[in-house]
file upload.cif (mmCIF, C-alpha atoms)
data_upload
loop_
_atom_site.label_atom_id
_atom_site.label_comp_id
_atom_site.auth_asym_id
_atom_site.auth_seq_id
_atom_site.Cartn_x
_atom_site.Cartn_y
_atom_site.Cartn_z
CA MET O 855 0.00 0.00 0.00
CA ALA O 856 2.83 2.41 0.87
CA THR O 857 4.42 1.80 -2.55
CA ILE O 858 1.13 2.44 -4.32
CA ASN O 859 0.56 5.65 -2.37
CA THR O 860 4.09 6.85 -3.08
CA PHE O 861 3.65 6.23 -6.81
CA ARG O 862 0.23 7.90 -6.76
CA ASN O 863 1.58 11.01 -5.00
CA LEU O 864 4.49 11.22 -7.44
CA PHE O 865 2.09 10.91 -10.38
CA PHE O 866 -0.13 13.67 -9.01
CA THR O 867 2.86 15.96 -8.56
CA VAL O 868 3.99 15.39 -12.14
CA VAL O 869 0.48 16.10 -13.42
CA VAL O 870 0.28 19.36 -11.49
CA VAL O 871 3.75 20.47 -12.56
CA LEU O 872 3.04 19.82 -16.22
CA GLY O 873 -0.35 21.51 -16.06
CA SER O 874 0.63 24.50 -13.99
CA LYS O 875 1.31 27.91 -15.44
CA ILE O 876 2.26 29.44 -12.10
CA SER O 877 5.69 31.05 -11.90
CA PHE O 878 6.96 31.42 -8.35
CA GLY O 879 8.73 34.66 -7.50
CA GLN O 880 8.39 37.54 -5.09
CA LEU O 881 4.73 38.46 -4.94
CA ASN O 882 3.73 42.12 -5.07
CA ALA O 883 1.74 42.19 -1.83
CA ARG O 884 0.58 45.78 -2.30
CA GLN O 885 -0.90 44.98 -5.70
CA SER O 886 -2.71 41.94 -4.34
CA ILE O 887 -4.11 43.97 -1.42
CA ALA O 888 -5.42 46.51 -3.93
CA TYR O 889 -7.10 43.64 -5.81
CA CYS O 890 -8.83 42.57 -2.59
CA ALA O 891 -10.01 46.13 -1.97
CA SER O 892 -11.53 46.31 -5.44
CA GLN O 893 -13.38 43.04 -4.86
CA ILE O 894 -14.68 44.31 -1.52
CA HIS O 895 -16.16 47.36 -3.23
CA LYS O 896 -18.03 45.00 -5.56
CA THR O 897 -19.41 43.06 -2.61
CA LEU O 898 -20.44 46.23 -0.77
CA SER O 899 -22.57 47.20 -3.76
CA GLN O 900 -24.35 43.82 -3.61
CA LEU O 901 -25.27 43.71 0.08
CA PRO O 902 -28.97 43.20 0.79
CA ALA O 903 -31.08 45.74 2.62
CA ASP O 904 -32.14 42.90 4.93
CA SER O 905 -30.61 43.71 8.31
CA VAL O 906 -31.05 40.15 9.59
CA LYS O 907 -29.11 38.22 6.94
CA ASN O 908 -26.63 40.66 5.46
CA ILE O 909 -23.19 39.15 6.15
CA PRO O 910 -21.47 37.40 3.19
CA ARG O 911 -20.46 33.79 3.75
CA SER O 912 -19.91 31.97 0.45
CA ILE O 913 -20.50 31.96 -3.29
CA LEU O 914 -21.25 28.49 -4.59
CA SER O 915 -19.39 27.02 -7.53
CA GLY O 916 -20.44 28.59 -10.83
CA GLN O 917 -22.55 31.26 -9.16
CA GLN O 918 -21.98 35.00 -8.67
CA GLN O 919 -24.19 35.86 -5.71
CA TRP O 920 -23.17 35.62 -2.09
CA GLN O 921 -25.02 33.41 0.36
CA PHE O 922 -25.79 35.67 3.35
CA ILE O 923 -25.92 34.84 7.06
CA ASN O 924 -26.80 36.55 10.34
CA TYR O 925 -24.55 37.35 13.29
CA GLN O 926 -25.00 33.93 14.94
CA ASP O 927 -23.36 31.97 12.13
CA TRP O 928 -19.82 30.82 12.97
CA CYS O 929 -18.51 32.73 9.93
CA SER O 930 -20.06 36.08 10.90
CA GLY O 931 -16.79 37.64 12.09
CA PHE O 932 -14.81 37.11 8.90
CA TRP O 933 -16.55 39.80 6.84
CA PRO O 934 -16.03 42.62 9.37
CA GLY O 935 -12.52 41.25 9.87
CA ILE O 936 -11.86 41.55 6.14
CA LEU O 937 -13.11 45.14 6.20
CA TRP O 938 -10.77 45.97 9.09
CA TYR O 939 -7.86 44.46 7.17
CA ALA O 940 -8.88 46.41 4.06
CA TYR O 941 -8.94 49.60 6.12
CA GLU O 942 -5.49 48.73 7.49
CA GLY O 943 -4.12 48.05 4.03
CA THR O 944 -5.64 51.02 2.18
CA HIS O 945 -6.65 53.61 4.86
CA ASP O 946 -9.94 53.98 2.99
CA GLN O 947 -12.40 55.48 5.49
CA LYS O 948 -15.33 53.76 3.78
CA PHE O 949 -14.01 50.43 4.97
CA LYS O 950 -13.73 51.73 8.54
CA THR O 951 -17.32 52.99 8.54
CA GLN O 952 -18.70 49.77 7.10
CA THR O 953 -16.74 47.48 9.38
CA ASP O 954 -17.82 49.33 12.51
CA LYS O 955 -21.42 48.74 11.42
CA PHE O 956 -20.92 45.03 10.72
CA SER O 957 -18.82 44.46 13.82
CA ARG O 958 -21.49 45.96 16.05
CA GLU O 959 -24.07 43.54 14.65
CA LEU O 960 -22.18 40.83 16.52
CA THR O 961 -22.39 42.57 19.92
CA PRO O 962 -25.14 40.29 21.33
CA LEU O 963 -22.74 37.33 21.13
CA SER O 964 -20.71 38.79 24.00
CA THR O 965 -23.55 38.44 26.50
CA MET O 966 -25.53 35.48 25.18
CA LYS O 967 -25.03 32.02 26.61
CA ALA O 968 -22.25 30.32 24.60
CA PHE O 969 -23.73 28.03 21.96
CA ASP O 970 -20.39 26.89 20.55
CA HIS O 971 -16.64 27.61 20.59
CA ASP O 972 -16.57 30.00 17.63
CA LEU O 973 -16.62 33.25 19.61
CA GLY O 974 -13.00 33.84 18.71
CA PHE O 975 -13.71 33.62 15.00
CA GLN O 976 -16.74 35.86 15.47
CA ILE O 977 -15.62 38.46 18.00
CA PHE O 978 -11.84 38.56 17.82
CA ASN O 979 -11.70 38.75 14.03
CA SER O 980 -14.13 41.68 14.13
CA PHE O 981 -13.77 43.61 17.38
CA GLY O 982 -10.24 42.32 17.95
CA ASN O 983 -8.96 43.80 14.72
CA GLY O 984 -11.06 46.88 15.37
CA TYR O 985 -9.51 47.47 18.77
CA ARG O 986 -6.02 46.86 17.43
CA LEU O 987 -6.51 49.56 14.82
CA THR O 988 -8.60 52.12 16.74
CA LYS O 989 -8.26 51.41 20.49
CA ASN O 990 -12.01 52.00 20.80
CA PRO O 991 -12.82 51.18 24.46
CA ASP O 992 -16.27 49.85 23.50
CA TYR O 993 -14.60 47.18 21.41
CA LYS O 994 -12.37 46.15 24.30
CA LYS O 995 -15.35 45.67 26.62
CA ILE O 996 -17.03 43.41 24.07
CA ILE O 997 -13.89 41.30 23.61
CA LEU O 998 -13.42 40.85 27.36
CA ALA O 999 -17.07 39.89 27.86
CA SER O 1000 -16.84 37.41 24.98
CA ALA O 1001 -13.72 35.81 26.42
CA ASP O 1002 -15.56 35.24 29.69
CA THR O 1003 -18.46 33.72 27.76
CA LEU O 1004 -16.16 31.38 25.85
CA ALA O 1005 -14.53 30.29 29.12
CA THR O 1006 -17.88 28.95 30.37
CA LEU O 1007 -17.42 26.04 27.95
CA PHE O 1008 -14.18 24.93 29.62
CA ASN O 1009 -14.35 21.56 31.36
CA PRO O 1010 -11.52 21.28 33.94
CA LYS O 1011 -12.00 17.51 34.17
CA VAL O 1012 -11.07 17.24 30.49
CA GLY O 1013 -8.81 20.26 30.16
CA THR O 1014 -10.39 21.63 26.99
CA ILE O 1015 -13.20 23.88 25.84
CA LEU O 1016 -16.38 22.14 24.70
CA SER O 1017 -16.76 22.86 20.99
CA TRP O 1018 -20.32 21.81 20.24
CA PRO O 1019 -22.62 21.90 23.30
CA ARG O 1020 -25.38 20.08 21.45
CA PRO O 1021 -25.97 16.78 19.61
CA VAL O 1022 -23.71 16.36 16.58
CA SER O 1023 -23.38 13.18 14.52
CA ASN O 1024 -20.84 10.69 15.91
CA MET O 1025 -19.96 12.91 18.91
CA GLU O 1026 -21.70 10.72 21.55
CA TRP O 1027 -23.49 13.66 23.13
CA PRO O 1028 -23.66 14.52 26.00
CA GLN O 1029 -20.00 13.57 26.24
CA HIS O 1030 -17.41 16.32 25.81
CA ASN O 1031 -16.20 17.06 22.27
CA THR O 1032 -13.35 19.28 21.09
CA ILE O 1033 -12.50 20.13 17.47
CA ILE O 1034 -9.17 21.28 16.10
CA ASP O 1035 -10.73 24.55 14.87
CA ASN O 1036 -10.99 25.57 18.51
CA MET O 1037 -7.22 26.19 18.61
CA ILE O 1038 -7.80 29.48 16.77
CA ASN O 1039 -10.28 30.71 19.36
CA LEU O 1040 -7.68 30.49 22.11
CA GLU O 1041 -6.15 33.71 20.82
CA MET O 1042 -9.01 35.74 22.27
CA LEU O 1043 -8.45 34.15 25.69
CA PHE O 1044 -4.73 34.91 25.62
CA TRP O 1045 -5.42 38.50 24.61
CA ALA O 1046 -8.08 39.04 27.25
CA SER O 1047 -5.85 37.66 30.01
CA LYS O 1048 -3.22 40.29 29.13
CA ASN O 1049 -5.61 43.20 28.60
CA GLY O 1050 -7.66 43.45 31.75
CA GLY O 1051 -9.39 40.08 31.78
CA ASP O 1052 -9.14 37.26 34.30
CA LYS O 1053 -5.67 35.67 34.39
CA ARG O 1054 -7.45 32.31 34.50
CA LEU O 1055 -8.20 32.74 30.79
CA TYR O 1056 -4.50 32.28 30.02
CA ASP O 1057 -4.43 29.02 31.99
CA ILE O 1058 -7.53 27.76 30.18
CA ALA O 1059 -5.93 28.46 26.80
CA VAL O 1060 -2.69 26.70 27.75
CA SER O 1061 -4.57 23.72 29.17
CA HIS O 1062 -6.65 23.42 26.01
CA ALA O 1063 -3.59 23.60 23.76
CA LYS O 1064 -1.60 21.01 25.74
CA THR O 1065 -4.52 18.58 26.10
CA THR O 1066 -5.22 18.89 22.38
CA MET O 1067 -1.55 18.29 21.62
CA LYS O 1068 -1.68 15.08 23.64
CA ASN O 1069 -4.91 13.63 22.26
CA HIS O 1070 -5.68 15.15 18.88
CA PHE O 1071 -2.71 13.95 16.84
CA ARG O 1072 -1.59 10.68 15.36
CA PRO O 1073 2.05 9.52 15.63
CA ASP O 1074 2.84 11.25 12.30
CA TYR O 1075 1.49 14.60 13.65
CA THR O 1076 -1.59 14.66 11.45
CA SER O 1077 -4.71 15.86 13.22
CA TYR O 1078 -8.11 14.41 13.87
CA HIS O 1079 -10.92 16.87 13.33
CA ALA O 1080 -12.61 16.05 16.62
CA VAL O 1081 -11.86 14.17 19.81
CA VAL O 1082 -14.60 12.92 22.13
CA TYR O 1083 -13.81 12.77 25.85
CA ASP O 1084 -15.65 11.35 28.84
CA LYS O 1085 -17.00 14.51 30.40
CA GLU O 1086 -16.59 13.16 33.96
CA THR O 1087 -13.21 11.44 33.82
CA GLY O 1088 -11.53 13.38 31.00
CA LYS O 1089 -10.53 10.10 29.33
CA LYS O 1090 -10.27 10.16 25.54
CA ILE O 1091 -13.04 8.07 24.00
CA LYS O 1092 -12.15 8.40 20.30
CA GLY O 1093 -10.80 10.60 17.55
CA VAL O 1094 -12.85 11.26 14.41
CA THR O 1095 -12.44 13.37 11.30
CA HIS O 1096 -15.96 14.68 10.99
CA GLN O 1097 -15.38 16.83 7.89
CA GLY O 1098 -12.58 14.80 6.31
CA TYR O 1099 -12.48 11.79 4.00
CA GLU O 1100 -12.15 9.26 6.82
CA ASP O 1101 -11.21 9.24 10.49
CA ASP O 1102 -7.52 8.52 9.84
CA SER O 1103 -7.03 10.95 6.96
CA MET O 1104 -5.37 14.35 6.99
CA TRP O 1105 -8.16 16.82 6.39
CA ALA O 1106 -6.42 19.87 4.93
CA ARG O 1107 -8.23 22.65 6.78
CA GLY O 1108 -8.00 20.81 10.08
CA GLN O 1109 -4.24 20.58 9.72
CA SER O 1110 -4.13 24.26 8.81
CA TRP O 1111 -5.92 25.17 12.05
CA ALA O 1112 -3.28 23.20 13.95
CA ILE O 1113 -0.40 24.96 12.17
CA TYR O 1114 -1.90 28.39 12.79
CA GLY O 1115 -3.03 27.61 16.32
CA TYR O 1116 0.25 26.29 17.69
CA THR O 1117 2.21 29.08 16.03
CA MET O 1118 -0.07 31.55 17.81
CA CYS O 1119 0.31 29.66 21.10
CA TYR O 1120 4.07 30.04 20.90
CA ARG O 1121 3.70 33.76 20.23
CA GLU O 1122 1.50 34.17 23.30
CA THR O 1123 3.41 31.92 25.72
CA LYS O 1124 6.97 31.66 24.36
CA ASP O 1125 6.83 28.01 25.46
CA PRO O 1126 9.31 26.13 23.20
CA LEU O 1127 7.02 23.10 23.40
CA PHE O 1128 4.51 24.92 21.22
CA LEU O 1129 7.17 26.10 18.76
CA ASP O 1130 8.49 22.57 18.32
CA PHE O 1131 4.98 21.21 17.85
CA ALA O 1132 4.02 23.93 15.38
CA GLN O 1133 6.95 22.87 13.21
CA LYS O 1134 6.05 19.19 13.44
CA VAL O 1135 2.45 19.71 12.32
CA THR O 1136 3.69 22.04 9.59
CA ASP O 1137 6.33 19.72 8.19
CA VAL O 1138 3.99 16.78 7.63
CA TYR O 1139 1.60 19.10 5.79
CA LEU O 1140 4.31 20.60 3.55
CA GLN O 1141 5.70 17.19 2.66
CA ARG O 1142 2.40 16.07 1.11
CA LEU O 1143 1.42 19.12 -0.92
CA PRO O 1144 1.00 19.12 -4.71
CA ALA O 1145 3.37 21.23 -6.77
CA ASP O 1146 1.35 24.45 -6.64
CA LEU O 1147 1.12 24.12 -2.82
CA ILE O 1148 -2.68 24.37 -2.72
CA PRO O 1149 -3.90 21.19 -0.99
CA TYR O 1150 -6.66 18.88 -2.02
CA TRP O 1151 -9.46 19.13 0.53
CA ASP O 1152 -8.23 15.89 2.13
CA PHE O 1153 -4.84 14.35 1.47
CA SER O 1154 -6.29 10.81 1.40
CA ASP O 1155 -9.14 11.29 -1.05
CA PRO O 1156 -8.73 8.52 -3.67
CA ALA O 1157 -10.23 10.85 -6.29
CA ILE O 1158 -7.00 12.90 -6.34
CA PRO O 1159 -6.03 14.56 -8.71
CA LYS O 1160 -9.71 15.13 -9.57
CA ALA O 1161 -10.64 15.85 -5.96
CA PRO O 1162 -11.56 19.42 -4.96
CA ARG O 1163 -8.83 21.74 -3.70
CA ASP O 1164 -9.08 23.83 -0.57
CA ALA O 1165 -7.74 27.34 -1.08
CA SER O 1166 -8.92 28.22 2.43
CA ALA O 1167 -6.42 25.82 3.97
CA ALA O 1168 -3.65 27.31 1.83
CA ALA O 1169 -4.61 30.81 2.94
CA VAL O 1170 -4.57 29.85 6.63
CA VAL O 1171 -1.21 28.08 6.30
CA SER O 1172 0.43 30.86 4.29
CA SER O 1173 -0.44 33.36 7.01
CA ALA O 1174 0.75 31.03 9.76
CA LEU O 1175 4.02 30.23 7.96
CA LEU O 1176 4.92 33.89 7.63
CA GLU O 1177 4.68 34.21 11.39
CA LEU O 1178 6.31 30.85 12.10
CA SER O 1179 9.27 31.83 9.92
CA THR O 1180 10.00 34.69 12.33
CA PHE O 1181 10.08 32.33 15.34
CA THR O 1182 11.94 29.31 13.97
CA LYS O 1183 15.48 29.17 15.31
CA ASP O 1184 16.92 27.15 12.42
CA LYS O 1185 17.60 29.80 9.77
CA ILE O 1186 17.44 27.36 6.86
CA LYS O 1187 14.08 26.08 8.04
CA ALA O 1188 12.85 29.60 8.72
CA ASN O 1189 13.73 30.60 5.16
CA THR O 1190 11.94 27.51 3.86
CA TYR O 1191 8.76 28.47 5.72
CA ARG O 1192 8.95 32.03 4.37
CA ASP O 1193 9.55 30.79 0.82
CA LYS O 1194 6.71 28.28 1.00
CA ALA O 1195 4.34 30.96 2.28
CA GLU O 1196 5.23 33.27 -0.59
CA GLN O 1197 4.82 30.45 -3.09
CA MET O 1198 1.39 29.62 -1.66
CA LEU O 1199 0.35 33.25 -1.95
CA THR O 1200 1.69 33.38 -5.51
CA SER O 1201 -0.49 30.40 -6.39
CA LEU O 1202 -3.51 31.91 -4.65
CA SER O 1203 -2.92 35.19 -6.50
CA SER O 1204 -2.85 33.53 -9.90
CA VAL O 1205 -5.62 33.28 -12.46
CA GLN O 1206 -6.23 29.70 -11.31
CA TYR O 1207 -7.34 30.77 -7.84
CA GLN O 1208 -8.31 34.44 -7.78
CA SER O 1209 -12.01 35.06 -8.43
CA ARG O 1210 -11.42 38.23 -10.51
CA GLN O 1211 -14.41 38.66 -12.84
CA LYS O 1212 -16.06 35.36 -11.91
CA ASN O 1213 -17.51 36.78 -8.68
CA SER O 1214 -16.75 39.43 -6.05
CA ALA O 1215 -14.91 37.18 -3.59
CA PHE O 1216 -11.11 37.12 -3.53
CA LEU O 1217 -10.56 33.41 -4.14
CA LEU O 1218 -12.06 30.38 -5.86
CA HIS O 1219 -11.73 26.67 -5.04
CA SER O 1220 -12.29 26.33 -1.32
CA THR O 1221 -14.04 23.36 0.22
CA GLY O 1222 -16.26 23.73 3.25
CA HIS O 1223 -17.86 20.42 4.30
CA LYS O 1224 -17.46 17.90 1.50
CA PRO O 1225 -18.95 14.87 3.32
CA ASN O 1226 -22.06 16.99 3.80
CA GLY O 1227 -21.98 18.22 0.20
CA SER O 1228 -21.86 21.87 1.27
CA GLU O 1229 -19.67 24.66 -0.12
CA VAL O 1230 -17.60 22.36 -2.31
CA ASP O 1231 -15.28 24.14 -4.76
CA ALA O 1232 -16.71 27.44 -3.61
CA SER O 1233 -15.60 30.94 -2.69
CA ILE O 1234 -15.75 31.07 1.11
CA ILE O 1235 -15.35 34.09 3.36
CA TYR O 1236 -12.73 32.61 5.69
CA ALA O 1237 -10.45 31.85 2.75
CA ASP O 1238 -10.61 35.54 1.82
CA TYR O 1239 -9.97 36.61 5.42
CA TYR O 1240 -6.77 34.63 5.85
CA TYR O 1241 -5.59 35.46 2.33
CA LEU O 1242 -5.80 39.19 3.06
CA GLU O 1243 -4.24 38.69 6.48
CA ALA O 1244 -1.34 36.84 4.88
CA LEU O 1245 -0.87 39.58 2.28
CA LEU O 1246 -0.70 42.23 4.99
CA ARG O 1247 1.83 40.16 6.93
CA LEU O 1248 3.89 39.62 3.80
CA GLN O 1249 3.84 43.32 2.99
CA ARG O 1250 5.24 44.12 6.43
CA LEU O 1251 7.98 41.55 6.09
CA GLN O 1252 8.87 42.78 2.61
CA LYS O 1253 9.26 46.27 4.07
CA GLY O 1254 11.55 44.93 6.79
CA LEU O 1255 9.00 45.71 9.52
CA ASN O 1256 8.45 43.70 12.69
CA LEU O 1257 5.50 41.37 12.26
CA ARG O 1258 4.79 41.30 15.98
CA ASN O 1259 3.80 44.96 16.00
CA ALA O 1260 0.98 44.23 13.53
CA LEU O 1261 -0.53 41.39 15.56
CA LYS O 1262 -3.34 41.79 18.05
#

call {"tool": "encode", "arguments": {"input": "upload.cif", "output": "structure tokens"}}
result
Amino acid sequence: MATINTFRNLFFTVVVVLGSKISFGQLNARQSIAYCASQIHKTLSQLPADSVKNIPRSILSGQQQWQFINYQDWCSGFWPGILWYAYEGTHDQKFKTQTDKFSRELTPLSTMKAFDHDLGFQIFNSFGNGYRLTKNPDYKKIILASADTLATLFNPKVGTILSWPRPVSNMEWPQHNTIIDNMINLEMLFWASKNGGDKRLYDIAVSHAKTTMKNHFRPDYTSYHAVVYDKETGKKIKGVTHQGYEDDSMWARGQSWAIYGYTMCYRETKDPLFLDFAQKVTDVYLQRLPADLIPYWDFSDPAIPKAPRDASAAAVVSSALLELSTFTKDKIKANTYRDKAEQMLTSLSSVQYQSRQKNSAFLLHSTGHKPNGSEVDASIIYADYYYLEALLRLQRLQKGLNLRNALK
């Protein structure tokens, strides 16, 4: 089987190399940021008057119109986050006005009972970026309240935050479940603990990251999507890959959350354990990529090379690698991470992956939940968010500026 897989992977690489027209070189980050701004203006002109569902989430394959959501959807923070990044990258006051409006739509989440772990995606991408850029004290209050709300899902017997406090297929509810996506939401807890919030939030974030490190990964450092724990004893019941090809496969976006999450954990704690682990989960991902560095939605899908890609995973990883390259002690490895990030962004900025005239999103070819048949080969808002974030990070690095000063 190993020989067959090796031959298959080699064949796929050759196919991609022969069929690719992408030329890797230093990407003009400023030009790509301007492209994103122009696409945002298109989307702003298409927003519905409906004040209940007015936040863009995705554009399905072959379509041109956004699917819209309300503030409770887990993706609701990406659109205001994109607008904050656009304001940061262009200083266009229109973006600032619009993103304040869309951010404030999410305010009720800070005081509602937590209905899942996604408060970081929702609140920190919106109000977090807003506070970083404006220091508006109202934004800070909302972030701190949201961090406290997220902390209510922490189970000290397990050591992690409950991701889905409701019945979900194959999660053995009411046992405790944790998904790899939750690593990203720890950033809000770290920030709050250092900006006037309870110091306990820092301990919760560290506990979650270390428990996940212990239980969420296979011996080769690939990640399960979800782990189910006994809510009373904290014992691991099973690992599953809910949105991947199969339980033991490397689901691309799940691995990207791990790469980004552990890089962020090192930034916030300076614990070398997290830096070492971030590199381990990164290296297994990089080793298995096709030539253009945009992963198939799951690395084990037997339909490869005809399987859908996931540009969103590439966007997340490119942003994470730019930061990881500034932390990695081995200079050769650090340069490799930086080069790979730029190559990923070059691919994403090519005609193969940019939406351009096809629709008003930034990127094509992301995959949301393939086993469920939803948002397959689509334009998805979180792909655009991390793509623009990566471009802004790259622009700072190209100017010789400290990346840390641009982070929340």

call {"tool": "closest_residue", "arguments": {"input": "upload.cif", "among": "O:Ser1061, O:Asp1155, O:Tyr1150, O:Asp1238", "to": "Pro934 (chain O)", "atoms": "only C-alpha atoms"}}
result
O:Asp1238

call {"tool": "closest_atom_pairs", "arguments": {"input": "upload.cif", "of": "region 971-1001 of chain O", "to": "region 1008-1015 of chain O", "cutoff": "12 Å", "atoms": "only C-alpha atoms", "output": "Markdown table"}}
result
| residue | atom | partner | partner_atom | distance |
| --- | --- | --- | --- | --- |
| O:His971 | CA | O:Ile1015 | CA | 7.3 |
| O:Asp972 | CA | O:Ile1015 | CA | 10.8 |
| O:Leu973 | CA | O:Ile1015 | CA | 11.8 |
| O:Ala1001 | CA | O:Phe1008 | CA | 11.4 |

call {"tool": "residues_around", "arguments": {"input": "upload.cif", "residues": "region 1126-1129 of chain O", "least_positions_apart": "4", "cutoff": "8 Å", "atoms": "only C-alpha atoms", "output": "ChimeraX atom specification"}}
result
/O:1116-1117,1119-1120,1133,1181-1182

call {"tool": "resolve_selection", "arguments": {"input": "upload.cif", "expression": "the PyMOL selection byres ((chain O and resi 928) around 8)", "output": "list in words"}}
result
Gln926, Asp927, Cys929, Ser930, Gly931, Asp972, Leu973, Phe975 and Gln976 of chain O

call {"tool": "closest_residue", "arguments": {"input": "upload.cif", "among": "O:Gly1227, O:Leu901, O:Lys1048, O:Ser1203", "to": "Leu1242 (chain O)", "atoms": "all atoms listed in the file"}}
result
O:Ser1203

call {"tool": "closest_residue", "arguments": {"input": "upload.cif", "among": "O:Ile1034, O:Met1042, O:Leu881, O:Met966", "to": "Asn979 (chain O)", "atoms": "all atoms listed in the file"}}
result
O:Met1042

call {"tool": "closest_residue", "arguments": {"input": "upload.cif", "among": "O:Ala1215, O:Glu959, O:Lys989, O:Lys1085", "to": "Leu1016 (chain O)", "atoms": "all atoms listed in the file"}}
result
O:Lys1085

call {"tool": "axis_aligned_box", "arguments": {"input": "upload.cif", "around": "region 958-968 of chain O", "padding_each_side": "4 Å", "output": "AutoDock Vina command-line options"}}
result
--center_x -23.1 --center_y 38.1 --center_z 20.6 --size_x 12.8 --size_y 23.6 --size_z 20.0

call {"tool": "closest_residue", "arguments": {"input": "upload.cif", "among": "O:Leu1257, O:Asp1231, O:Arg1210, O:Asp1184", "to": "Lys1160 (chain O)", "atoms": "all atoms listed in the file"}}
result
O:Asp1231

call {"tool": "atom_distance", "arguments": {"input": "upload.cif", "atom1": "CA of Leu960 (chain O)", "atom2": "CA of Gly1115 (chain O)"}}
result
23.3 Å

call {"tool": "residues_around", "arguments": {"input": "upload.cif", "residues": "Glu1243 (chain O)", "least_positions_apart": "2", "cutoff": "10 Å", "atoms": "only C-alpha atoms", "output": "PDB file with C-alpha atoms, in the coordinates of the input"}}
result
ATOM      1  CA  ILE O 887      -4.110  43.970  -1.420  1.00  0.00           C
ATOM      2  CA  GLY O 935     -12.520  41.250   9.870  1.00  0.00           C
ATOM      3  CA  ILE O 936     -11.860  41.550   6.140  1.00  0.00           C
ATOM      4  CA  TYR O 939      -7.860  44.460   7.170  1.00  0.00           C
ATOM      5  CA  ALA O 940      -8.880  46.410   4.060  1.00  0.00           C
ATOM      6  CA  GLY O 943      -4.120  48.050   4.030  1.00  0.00           C
ATOM      7  CA  ALA O1169      -4.610  30.810   2.940  1.00  0.00           C
ATOM      8  CA  VAL O1170      -4.570  29.850   6.630  1.00  0.00           C
ATOM      9  CA  SER O1172       0.430  30.860   4.290  1.00  0.00           C
ATOM     10  CA  SER O1173      -0.440  33.360   7.010  1.00  0.00           C
ATOM     11  CA  ALA O1174       0.750  31.030   9.760  1.00  0.00           C
ATOM     12  CA  ALA O1237     -10.450  31.850   2.750  1.00  0.00           C
ATOM     13  CA  ASP O1238     -10.610  35.540   1.820  1.00  0.00           C
ATOM     14  CA  TYR O1239      -9.970  36.610   5.420  1.00  0.00           C
ATOM     15  CA  TYR O1240      -6.770  34.630   5.850  1.00  0.00           C
ATOM     16  CA  TYR O1241      -5.590  35.460   2.330  1.00  0.00           C
ATOM     17  CA  LEU O1245      -0.870  39.580   2.280  1.00  0.00           C
ATOM     18  CA  LEU O1246      -0.700  42.230   4.990  1.00  0.00           C
ATOM     19  CA  ARG O1247       1.830  40.160   6.930  1.00  0.00           C
ATOM     20  CA  LEU O1248       3.890  39.620   3.800  1.00  0.00           C
ATOM     21  CA  GLN O1249       3.840  43.320   2.990  1.00  0.00           C
TER      22      GLN O1249
END

call {"tool": "closest_residue", "arguments": {"input": "upload.cif", "among": "O:Thr965, O:Gln1029, O:Asn1189, O:Thr1180", "to": "Arg1258 (chain O)", "atoms": "all atoms listed in the file"}}
result
O:Thr1180

call {"tool": "atom_distance", "arguments": {"input": "upload.cif", "atom1": "CA of Asp1102 (chain O)", "atom2": "CA of Phe932 (chain O)"}}
result
29.5 Å

call {"tool": "residues_around", "arguments": {"input": "upload.cif", "residues": "Gly1222 (chain O)", "least_positions_apart": "4", "cutoff": "12 Å", "atoms": "all atoms listed in the file", "output": "ChimeraX atom specification"}}
result
/O:911-915,929,1096-1098,1105-1108,1150-1152,1162-1167,1226-1237

call {"tool": "atom_distance", "arguments": {"input": "upload.cif", "atom1": "CA of Thr1136 (chain O)", "atom2": "CA of Gln1109 (chain O)"}}
result
8.1 Å

call {"tool": "resolve_selection", "arguments": {"input": "upload.cif", "expression": "the PyMOL selection byres ((chain O and resi 1027) around 12)", "output": "PyMOL selection string"}}
result
chain O and resi 1016-1026+1028-1032+1082-1085+1091

call {"tool": "resolve_selection", "arguments": {"input": "upload.cif", "expression": "the PyMOL selection byres ((chain O and resi 1200) around 12)", "output": "PyMOL selection string"}}
result
chain O and resi 875-883+885-886+1146-1148+1168-1169+1172+1193-1199+1201-1208+1241+1244-1245+1248
